[in-house]
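J.: Mind having a look at this structure? Questions to follow.
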Amino acid sequence: MREIDVMDVRAAVAGLCQEAAVRLPEDVLSAIRKAAETELSDTGRAVLEHILENASLAAQTGVSLCQDGGVTVVFLEVGQEVHFTGGSLEEAIHAGIGDGYRAGHVRGSILDRPFEGRNTGDNTPGVIHYAIVPGDRVRVTVLPKGGGADNMSQLRMLTPAAGVDGVKRFVMEVVEAAGPNACPPLIVGVGIGGTFDSVGMLAKRALLRPVGAPHPDPSIARLEEDLCRAINGLGLGPMGLGGTVTALAVHIETYPLHMASLPVAVNLQCHSARVKSTVL
């Protein structure tokens with residue numbers, strides 16, 4: 001059994017929040033650079049160049065990549081041989097989010113309740129997801145998820161008769177309906193299978209995969225390619241101003257499902273795809 005103090009988790013979360021706010025991951029930057037080279041629209045290419053300039057300035061100055069601090073989604077892969085000491089793990093994670101957002105001067109986006117809520121001021125609480133895995137390590141991943149892209153995400157309970165074509169139609173409908181509101185170029189996370197309550201998590205976890213890394217199942221990888229090609233054929237382009245690059249990638253995650261069901265969720269991610277992780 002390996003002991004980890006929750007204060008170490010708090011510090012890790014704080015650091016990841018600060019880094020995610022100002023530094024795009026290299027896989028995202030590489031995908032945007034490639035998009036700027038291949039985009040056929042002059043306007044679309046100019047938008048992509050501005051996005052790259054913004055990323056460079058954010059990294060140099062420590063000013064947030066985006067004015068939307070997002071909902072701070074924290075994924076913990078906890079080794080089953082780990083024992084946490086020093087207090088509440090969840091309280092430490094939320095405290096780490098608050099530390100990071102205050103220290104990084106990142107705008108808080110969280111209201112304390114629906115309808116008549118007040119801004120909590122430090123982007124707490126976050127949303128935490130746990131997975132128990134073999135080993136004695138903890139992987140902490142922070143995904144600040146902007147409201148514009150998340151608002152455009154959808155879930156639909158299809159039936160098996162809908163098949164692959166039904167899934168394709170639904171994904172395309174979601175992207176078309178989003179238009180410029182999800183701030184393309186997008187990373188499109190798709191969950192297929194499981195249940196109503198789990199398929200959305202599949203779609204969100206799909207966004208954690210390095211941009212363009214194909215699914216290990218060749219048939220699913222082909223579906224990702226087909227969907228990405230079709231989405232880029234819509235002509236929405238960067239920031240919805242027209243062009244040939246609407247999506248940087250489509251990532252699909254699947255799970256076994258009831259024989260009478262075909263749950264599908266689409267979770268859109270904007271070009272400011274802020275994901276950072278570390279291992280304790």
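Simple scheme: letters A, B, ... for chains in structure tokens order, numbers from 1 for residues in each chain, numbers from 1 for ligands in the order shown.
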Can you build me a table of range 161-230 of chain A residues sitting at most 7 Å from range 256-263 of chain A, with the closest atom pair per residue and its distance in Å to one decimal, using only C-alpha atoms, sorted by chain and residue number, as a Markdown table?
T.:
| residue | atom | partner | partner_atom | distance |
| --- | --- | --- | --- | --- |
| A:Ile192 | CA | A:Pro263 | CA | 5.8 |
| A:Gly193 | CA | A:Leu257 | CA | 5.0 |
| A:Gly194 | CA | A:Leu257 | CA | 4.7 |
| A:Thr195 | CA | A:Pro263 | CA | 6.3 |
| A:Phe196 | CA | A:Pro263 | CA | 6.4 |
| A:Val199 | CA | A:Pro263 | CA | 6.5 |
J.: Take the residues from that selection and write them out as a JSON list (two decimals), in the first residue's frame, keeping C-alpha atoms.
T.:
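In the end it all went to result-v5.json:
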[["chain", "number", "residue", "atom", "x", "y", "z"],
["A", 192, "ILE", "CA", -21.51, 5.01, -28.29],
["A", 193, "GLY", "CA", -22.98, 2.35, -26.02],
["A", 194, "GLY", "CA", -23.44, 1.89, -22.32],
["A", 195, "THR", "CA", -26.49, 3.58, -20.82],
["A", 196, "PHE", "CA", -28.13, 7.00, -20.70],
["A", 199, "VAL", "CA", -22.62, 7.51, -22.64]]
J.: Within 10 Å of range 274-277 of chain A, which residues of range 60-87 of chain A show up? Give each one with its shortest atom-to-atom distance in Å (one decimal) and the two atoms involved, counting only C-alpha atoms, rows by chain then rising residue number, as JSON lines.
T.:
{"residue": "A:Leu65", "atom": "CA", "partner": "A:Arg274", "partner_atom": "CA", "distance": 8.8}
{"residue": "A:Cys66", "atom": "CA", "partner": "A:Arg274", "partner_atom": "CA", "distance": 9.7}
{"residue": "A:Gly70", "atom": "CA", "partner": "A:Arg274", "partner_atom": "CA", "distance": 9.8}
{"residue": "A:Val73", "atom": "CA", "partner": "A:Val275", "partner_atom": "CA", "distance": 9.7}
{"residue": "A:Val74", "atom": "CA", "partner": "A:Ser277", "partner_atom": "CA", "distance": 9.5}
{"residue": "A:Phe75", "atom": "CA", "partner": "A:Ser277", "partner_atom": "CA", "distance": 9.0}
{"residue": "A:Leu76", "atom": "CA", "partner": "A:Ser277", "partner_atom": "CA", "distance": 9.6}
J.: Could you write those residues out with N, CA and C atoms, as an mmCIF file, in the first residue's frame?
T.:
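selection-v9.cif, freshly written:
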data_model
loop_
_atom_site.group_PDB
_atom_site.id
_atom_site.type_symbol
_atom_site.label_atom_id
_atom_site.label_comp_id
_atom_site.auth_asym_id
_atom_site.auth_seq_id
_atom_site.Cartn_x
_atom_site.Cartn_y
_atom_site.Cartn_z
ATOM 1 N N LEU A 65 -5.714 31.634 -22.215
ATOM 2 C CA LEU A 65 -5.985 31.387 -23.624
ATOM 3 C C LEU A 65 -7.368 31.878 -24.024
ATOM 4 N N CYS A 66 -8.325 31.725 -23.115
ATOM 5 C CA CYS A 66 -9.724 32.048 -23.409
ATOM 6 C C CYS A 66 -10.332 32.749 -22.208
ATOM 7 N N GLY A 70 -14.282 28.059 -17.981
ATOM 8 C CA GLY A 70 -14.864 26.728 -18.128
ATOM 9 C C GLY A 70 -15.256 26.086 -16.817
ATOM 10 N N VAL A 73 -13.195 20.103 -15.064
ATOM 11 C CA VAL A 73 -13.470 18.669 -14.965
ATOM 12 C C VAL A 73 -12.167 17.967 -14.618
ATOM 13 N N VAL A 74 -12.183 17.207 -13.533
ATOM 14 C CA VAL A 74 -10.983 16.516 -13.058
ATOM 15 C C VAL A 74 -11.207 15.015 -13.143
ATOM 16 N N PHE A 75 -10.309 14.331 -13.843
ATOM 17 C CA PHE A 75 -10.340 12.878 -13.949
ATOM 18 C C PHE A 75 -9.223 12.310 -13.081
ATOM 19 N N LEU A 76 -9.580 11.378 -12.200
ATOM 20 C CA LEU A 76 -8.589 10.705 -11.365
ATOM 21 C C LEU A 76 -8.586 9.213 -11.683
#
J.: Tell me which of A:His94, A:Glu26, A:Asp5, A:Met239 sits closest to Thr120 in chain A, counting only C-alpha atoms.
T.: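 Selected residue with least distance to Thr120 in chain A: A:His94.
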J.: Closest to Val190 in chain A among A:Met7, A:Ile128, A:Ile93, A:Val266, using only C-alpha atoms?
T.: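 Looking only at the distances to Val190 in chain A, the closest residue turns out to be A:Val266.
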J.: Please, which residues of range 66-108 of chain A, numbered as in this document, come out strand (DSSP E or B) from DSSP, as a list in words?
T.: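 Here is the list: Val71, Thr72, Val73, Val74, Phe75, Leu76, Glu77, Val78, Gly79, Val82, His83, Phe84 and Thr85 of chain A.
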J.: Might you pull out every residue within 12 Å of Asp226 in chain A, with only C-alpha atoms counted and same-chain residues fewer than 3 positions away left off, and present them as a PyMOL selection string?
T.: chain A and resi 164-165+167-169+171-172+219-223+229-233+247+249-252
J.: Can you tell me, as a list in words, what residues are no more than 9 Å from Ala46 in chain A when counting only C-alpha atoms, ignoring any on the same chain fewer than 5 positions away?
T.: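 In the requested format, the answer is Ala36, Ser41 and Ile51 of chain A.
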J.: For range 103-114 of chain A, list every protein, DNA or RNA residue within 9 Å, evaluated using only C-alpha atoms, and leave out those in the same chain fewer than 2 positions away; present the list as a VMD selection string.
T.: chain A and resid 14 17 to 19 21 to 22 62 to 64 67 to 71 98 to 101 116 to 126 147
J.: When you look at Thr246 in chain A with a cut-off of 6 Å (counting only C-alpha atoms), what residues show up, excluding the ones that are within fewer than 4 positions of it in the same chain? I need them as an MDAnalysis selection string.
T.: chainID A and resid 184:185 232 236:238
J.: Can you write out the residues you just picked, keeping C-alpha atoms, as a JSON list (two decimals), in the first residue's frame?
T.:
[["chain", "number", "residue", "atom", "x", "y", "z"],
["A", 184, "PRO", "CA", -14.50, 25.58, -34.36],
["A", 185, "PRO", "CA", -12.19, 24.03, -35.40],
["A", 232, "ASN", "CA", -15.03, 19.23, -42.82],
["A", 236, "LEU", "CA", -18.49, 25.87, -41.56],
["A", 237, "GLY", "CA", -14.75, 26.46, -41.20],
["A", 238, "PRO", "CA", -12.76, 28.10, -38.40]]
J.: For Ala12 in chain A, which residue out of A:Ala95, A:Ala149, A:Val127, A:Leu268 is the nearest one, using only C-alpha atoms?
T.: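 The answer is A:Ala95, which sits nearest to Ala12 in chain A.
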J.: Write down as an MDAnalysis selection string the residues of range 26-164 of chain A whose backbone DSSP state falls under alpha helix (DSSP H).
T.: chainID A and resid 26:38 42:61 89:103 147:151 163:164
J.: Would you write out those residues with C-alpha atoms, as a PDB file, in the first residue's frame?
T.:
ATOM      1  CA  GLU A  26       1.444  20.217 -28.259  1.00  0.00           C
ATOM      2  CA  ASP A  27      -0.882  17.765 -30.034  1.00  0.00           C
ATOM      3  CA  VAL A  28      -3.538  20.481 -30.272  1.00  0.00           C
ATOM      4  CA  LEU A  29      -1.048  23.094 -31.483  1.00  0.00           C
ATOM      5  CA  SER A  30       0.313  20.672 -34.072  1.00  0.00           C
ATOM      6  CA  ALA A  31      -3.202  19.946 -35.365  1.00  0.00           C
ATOM      7  CA  ILE A  32      -3.995  23.665 -35.656  1.00  0.00           C
ATOM      8  CA  ARG A  33      -0.706  24.332 -37.454  1.00  0.00           C
ATOM      9  CA  LYS A  34      -1.515  21.563 -39.924  1.00  0.00           C
ATOM     10  CA  ALA A  35      -5.015  22.978 -40.364  1.00  0.00           C
ATOM     11  CA  ALA A  36      -3.557  26.431 -41.124  1.00  0.00           C
ATOM     12  CA  GLU A  37      -1.435  24.854 -43.850  1.00  0.00           C
ATOM     13  CA  THR A  38      -4.306  22.946 -45.464  1.00  0.00           C
ATOM     14  CA  ASP A  42      -8.240  32.869 -46.840  1.00  0.00           C
ATOM     15  CA  THR A  43     -10.529  33.925 -43.995  1.00  0.00           C
ATOM     16  CA  GLY A  44     -10.339  30.516 -42.358  1.00  0.00           C
ATOM     17  CA  ARG A  45      -6.559  30.489 -42.638  1.00  0.00           C
ATOM     18  CA  ALA A  46      -6.367  33.955 -41.077  1.00  0.00           C
ATOM     19  CA  VAL A  47      -8.535  32.784 -38.171  1.00  0.00           C
ATOM     20  CA  LEU A  48      -6.259  29.798 -37.565  1.00  0.00           C
ATOM     21  CA  GLU A  49      -3.197  32.034 -37.631  1.00  0.00           C
ATOM     22  CA  HIS A  50      -4.829  34.308 -35.047  1.00  0.00           C
ATOM     23  CA  ILE A  51      -5.572  31.255 -32.886  1.00  0.00           C
ATOM     24  CA  LEU A  52      -1.900  30.253 -33.051  1.00  0.00           C
ATOM     25  CA  GLU A  53      -0.805  33.805 -32.243  1.00  0.00           C
ATOM     26  CA  ASN A  54      -3.169  33.863 -29.280  1.00  0.00           C
ATOM     27  CA  ALA A  55      -1.720  30.584 -28.005  1.00  0.00           C
ATOM     28  CA  SER A  56       1.802  31.935 -28.303  1.00  0.00           C
ATOM     29  CA  LEU A  57       0.942  35.147 -26.446  1.00  0.00           C
ATOM     30  CA  ALA A  58      -0.867  33.250 -23.699  1.00  0.00           C
ATOM     31  CA  ALA A  59       2.176  31.049 -23.097  1.00  0.00           C
ATOM     32  CA  GLN A  60       4.533  34.050 -23.097  1.00  0.00           C
ATOM     33  CA  THR A  61       2.480  36.340 -20.886  1.00  0.00           C
ATOM     34  CA  LEU A  89      -9.639  13.868  -1.229  1.00  0.00           C
ATOM     35  CA  GLU A  90     -12.598  15.656  -2.806  1.00  0.00           C
ATOM     36  CA  GLU A  91     -12.164  18.729  -0.636  1.00  0.00           C
ATOM     37  CA  ALA A  92      -8.492  18.811  -1.607  1.00  0.00           C
ATOM     38  CA  ILE A  93      -9.340  18.637  -5.320  1.00  0.00           C
ATOM     39  CA  HIS A  94     -11.847  21.473  -5.094  1.00  0.00           C
ATOM     40  CA  ALA A  95      -9.387  23.503  -3.015  1.00  0.00           C
ATOM     41  CA  GLY A  96      -6.710  22.878  -5.656  1.00  0.00           C
ATOM     42  CA  ILE A  97      -9.015  24.233  -8.345  1.00  0.00           C
ATOM     43  CA  GLY A  98      -9.599  27.369  -6.282  1.00  0.00           C
ATOM     44  CA  ASP A  99      -5.862  27.766  -5.652  1.00  0.00           C
ATOM     45  CA  GLY A 100      -5.045  27.422  -9.331  1.00  0.00           C
ATOM     46  CA  TYR A 101      -7.703  29.792 -10.608  1.00  0.00           C
ATOM     47  CA  ARG A 102      -6.872  32.470  -8.066  1.00  0.00           C
ATOM     48  CA  ALA A 103      -3.112  32.222  -8.598  1.00  0.00           C
ATOM     49  CA  GLY A 147     -19.530  26.638 -21.793  1.00  0.00           C
ATOM     50  CA  GLY A 148     -20.005  27.470 -25.475  1.00  0.00           C
ATOM     51  CA  ALA A 149     -18.892  24.067 -26.734  1.00  0.00           C
ATOM     52  CA  ASP A 150     -20.507  22.082 -23.917  1.00  0.00           C
ATOM     53  CA  ASN A 151     -23.828  23.861 -24.524  1.00  0.00           C
ATOM     54  CA  GLY A 163     -27.208   1.538 -37.133  1.00  0.00           C
ATOM     55  CA  VAL A 164     -24.004   3.252 -38.159  1.00  0.00           C
TER      56      VAL A 164
END
J.: Could you check the closest approach to Met201 in chain A for each of A:His215, A:Arg156, A:His129, A:Arg10 and tell me which residue wins, using only C-alpha atoms?
T.: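 Using only C-alpha atoms, Met201 in chain A sits closest to A:His129.
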J.: Smallest atom-to-atom distance to Gln154 in chain A: which of A:Val264, A:Leu202, A:Leu208, A:Ala213, using only C-alpha atoms?
T.: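 Of A:Val264, A:Leu202, A:Leu208, A:Ala213, the one nearest Gln154 in chain A, counting only C-alpha atoms, is A:Val264.
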J.: Could you list, as a PyMOL selection string, every residue within 12 Å of Phe84 in chain A, counting only C-alpha atoms and ignoring same-chain residues fewer than 4 positions away?
T.: chain A and resi 1-10+78-80+88-90+92+136-138+280
